[in-house]
Amino acid sequence: MSEKCNCGGHVHHAEEESKYNYVLSEYACTMSDEEVAAAVKQLIEKKVEENNTLEVKKFLFNCIDLTTLKCTDSEESVMAFTEKVNEFDDKYPELKNVAAICVYPNFAKIVNDTLQVENVGIACVSGGFPSSQTFQEIKVAETAMAIHDGATEIDIVLSVGKFLSGDYEGVCDEIQELKSVCGEKHLKVILETGALKSAENIKKASVLSIYSGADFIKTSTGKESPAATPEAAYVMCSTIKEYYEKTGKRIGFKPAGGINTVHDALVYYTIVKELLGKEWLTNELFRLGTSRLANLCLSEITGEETKFF
């Protein structure tokens, strides 16, 4: 009896695996790291400087997911963090605020109760962040609880271990289930590109995440090194473009981790603009996961060193 069950499961598993391999075969997954690096180098040399304008910096500020993910976070510190976003509207009425506040799920309610300004989302990292190594039931519960407490966006981490061992079915099932929990709320899938190592792996992980329901694909947690790189961004944006050409559906892109300067942010802006076009230059489809950038951007916008956040 048990032999029959195992056999049936095995057939089903083989069918599922061939389904995902078929999906991947629809995309140009064979990518050379050297070619990607050369294309990125050329883009940066030729195009970044023309985007180094006040208007672009104001736009970049409006794309920031202002993030606090520290073990020292507390209800008091998260409340103060959120109050700063409230104050920003009064102090800089001529500027658009950040796109979202990003916190651990247990702080969603604090942000929801404290946030008083319009058009700022509440993003929560969920699903066993930052390693994605926990029970799927826990990931589902954590995501549902964050949404119940006011999260409008959920950032989860791809199961990198499953992906690298070839368990595409497991990877996709997890994302699909978490997207169903999110419903209309945006699901961002973090690929942890530094752990994926190659352009080809980043491409495959991008395809599988989008195929499984990701509304956004995001580079990194910021907890692994290297974090975001222009090369990873190039591969991810080229996947988003390919998907759009096939389906007409726009998927968002979020570099996160290691965005240390305004120039870094301009590089990502340039990659999005050149690969995906002007339609993606909105904070509905482009985010920057960073807090450091907020004061740096503000300083360049105001023309003096500003430490508001």
# chains A, B, ... in the order shown; residues from 1 in each chain; ligands from 1
>>> closest_atom_pairs(of="region 101-203 of chain A", to="region 66-90 of chain A", cutoff="6 Å", atoms="only C-alpha atoms", output="JSON lines")
{"residue": "A:Ile101", "atom": "CA", "partner": "A:Leu66", "partner_atom": "CA", "distance": 4.8}
{"residue": "A:Cys102", "atom": "CA", "partner": "A:Thr67", "partner_atom": "CA", "distance": 4.5}
{"residue": "A:Val103", "atom": "CA", "partner": "A:Thr68", "partner_atom": "CA", "distance": 5.6}
{"residue": "A:Gln116", "atom": "CA", "partner": "A:Asn86", "partner_atom": "CA", "distance": 6.0}
{"residue": "A:Val117", "atom": "CA", "partner": "A:Asn86", "partner_atom": "CA", "distance": 5.8}
>>> write_last_selection(atoms="C-alpha atoms", output="PDB file, in the first residue's frame")
ATOM      1  CA  ILE A 101       7.796  52.229   6.571  1.00  0.00           C
ATOM      2  CA  CYS A 102       9.295  48.724   6.759  1.00  0.00           C
ATOM      3  CA  VAL A 103       9.375  46.912  10.121  1.00  0.00           C
ATOM      4  CA  GLN A 116      -1.029  59.861  10.310  1.00  0.00           C
ATOM      5  CA  VAL A 117       0.051  60.764   6.773  1.00  0.00           C
TER       6      VAL A 117
END
>>> closest_atom_pairs(of="region 16-90 of chain A", to="region 279-298 of chain A", cutoff="7 Å", atoms="only C-alpha atoms", output="CSV")
residue,atom,partner,partner_atom,distance
A:Lys57,CA,A:Cys297,CA,6.3
A:Phe61,CA,A:Cys297,CA,6.3
A:Asn62,CA,A:Asn283,CA,6.8
A:Cys63,CA,A:Arg287,CA,4.7
A:Ile64,CA,A:Leu288,CA,4.7
A:Asp65,CA,A:Gly289,CA,5.0
A:Leu66,CA,A:Ser291,CA,4.9
A:Thr67,CA,A:Ser291,CA,5.4
>>> select_by_dssp(residues="region 110-255 of chain A", states="alpha helix (DSSP H)", output="MDAnalysis selection string")
chainID A and resid 110:114 136:148 160:164 168:182 193:196 199:211 230:247
>>> residues_around(residues="Gly252 (chain A)", least_positions_apart="3", cutoff="12 Å", atoms="only C-alpha atoms", output="MDAnalysis selection string")
chainID A and resid 63 186:190 206 209:210 213:219 233 236:241 243:244 249 255 272 276 279:288
>>> select_by_dssp(residues="region 116-304 of chain A", states="strand (DSSP E)", output="compact mmCIF listing (two decimals) with N, CA and C atoms, in the first residue's frame")
# COMPACT_ATOMS: atom_id res chain seq x y z
N GLY A 121 2.93 53.46 2.84
CA GLY A 121 2.55 52.08 3.12
C GLY A 121 3.17 51.56 4.41
N ILE A 122 2.66 50.43 4.87
CA ILE A 122 3.25 49.74 6.02
C ILE A 122 3.72 48.38 5.52
N ALA A 123 5.05 48.25 5.38
CA ALA A 123 5.63 47.00 4.88
C ALA A 123 6.17 46.19 6.05
N CYS A 124 5.92 44.90 6.02
CA CYS A 124 6.48 44.03 7.05
C CYS A 124 7.28 42.91 6.42
N VAL A 125 8.46 42.65 7.00
CA VAL A 125 9.23 41.47 6.58
C VAL A 125 8.60 40.27 7.30
N SER A 126 8.37 39.20 6.55
CA SER A 126 7.62 38.08 7.12
C SER A 126 8.19 36.77 6.59
N GLU A 153 1.86 45.81 2.84
CA GLU A 153 2.81 45.14 1.95
C GLU A 153 3.58 44.11 2.77
N ILE A 154 3.90 42.99 2.14
CA ILE A 154 4.65 41.93 2.82
C ILE A 154 5.91 41.61 2.02
N ASP A 155 7.06 41.61 2.71
CA ASP A 155 8.34 41.25 2.09
C ASP A 155 8.78 39.90 2.65
N ILE A 156 8.84 38.88 1.78
CA ILE A 156 9.27 37.55 2.23
C ILE A 156 10.58 37.18 1.52
N VAL A 157 11.26 36.18 2.07
CA VAL A 157 12.51 35.70 1.46
C VAL A 157 12.25 34.37 0.76
N HIS A 186 0.34 43.85 -1.59
CA HIS A 186 1.52 43.53 -2.39
C HIS A 186 2.46 42.57 -1.69
N LEU A 187 2.90 41.56 -2.44
CA LEU A 187 3.91 40.62 -1.95
C LEU A 187 5.22 40.89 -2.66
N LYS A 188 6.27 41.19 -1.88
CA LYS A 188 7.60 41.37 -2.44
C LYS A 188 8.41 40.12 -2.08
N VAL A 189 9.03 39.52 -3.08
CA VAL A 189 9.85 38.32 -2.82
C VAL A 189 11.32 38.71 -2.91
N ILE A 190 12.03 38.49 -1.80
CA ILE A 190 13.47 38.80 -1.71
C ILE A 190 14.25 37.58 -2.20
N PHE A 216 6.37 42.14 -6.59
CA PHE A 216 7.67 42.81 -6.64
C PHE A 216 8.74 41.74 -6.49
N ILE A 217 9.89 41.94 -7.12
CA ILE A 217 11.06 41.14 -6.73
C ILE A 217 12.11 42.08 -6.16
N LYS A 218 12.76 41.62 -5.12
CA LYS A 218 13.66 42.45 -4.32
C LYS A 218 15.01 41.74 -4.22
N GLY A 252 7.00 44.92 -9.98
CA GLY A 252 7.87 45.93 -9.40
C GLY A 252 9.26 45.41 -9.09
N PHE A 253 10.18 46.35 -8.88
CA PHE A 253 11.57 46.01 -8.57
C PHE A 253 12.05 46.82 -7.36
N LYS A 254 12.72 46.12 -6.43
CA LYS A 254 13.23 46.79 -5.23
C LYS A 254 14.65 46.34 -4.90
N LEU A 288 13.18 51.50 -2.98
CA LEU A 288 14.56 51.38 -2.52
C LEU A 288 14.51 51.01 -1.05
N GLY A 289 15.07 49.86 -0.70
CA GLY A 289 15.06 49.40 0.69
C GLY A 289 16.27 49.94 1.43
>>> closest_atom_pairs(of="region 228-274 of chain A", to="region 33-56 of chain A", cutoff="12 Å", atoms="only C-alpha atoms", output="Markdown table")
| residue | atom | partner | partner_atom | distance |
| --- | --- | --- | --- | --- |
| A:Thr229 | CA | A:Val40 | CA | 10.1 |
| A:Pro230 | CA | A:Val40 | CA | 6.8 |
| A:Glu231 | CA | A:Ala37 | CA | 6.0 |
| A:Ala232 | CA | A:Val36 | CA | 8.8 |
| A:Ala233 | CA | A:Val40 | CA | 9.3 |
| A:Tyr234 | CA | A:Val40 | CA | 7.0 |
| A:Val235 | CA | A:Val36 | CA | 7.5 |
| A:Met236 | CA | A:Val36 | CA | 11.2 |
| A:Cys237 | CA | A:Val40 | CA | 11.8 |
| A:Ser238 | CA | A:Val36 | CA | 10.4 |
| A:Val262 | CA | A:Asn52 | CA | 9.1 |
| A:His263 | CA | A:Asn52 | CA | 8.1 |
| A:Asp264 | CA | A:Val48 | CA | 9.8 |
| A:Ala265 | CA | A:Val48 | CA | 10.0 |
| A:Leu266 | CA | A:Val48 | CA | 6.4 |
| A:Val267 | CA | A:Val48 | CA | 6.0 |
| A:Tyr268 | CA | A:Val48 | CA | 9.1 |
| A:Tyr269 | CA | A:Asn51 | CA | 8.1 |
| A:Thr270 | CA | A:Val48 | CA | 5.9 |
| A:Ile271 | CA | A:Leu43 | CA | 7.4 |
| A:Val272 | CA | A:Leu43 | CA | 10.9 |
| A:Lys273 | CA | A:Asn51 | CA | 9.6 |
| A:Glu274 | CA | A:Leu43 | CA | 8.2 |
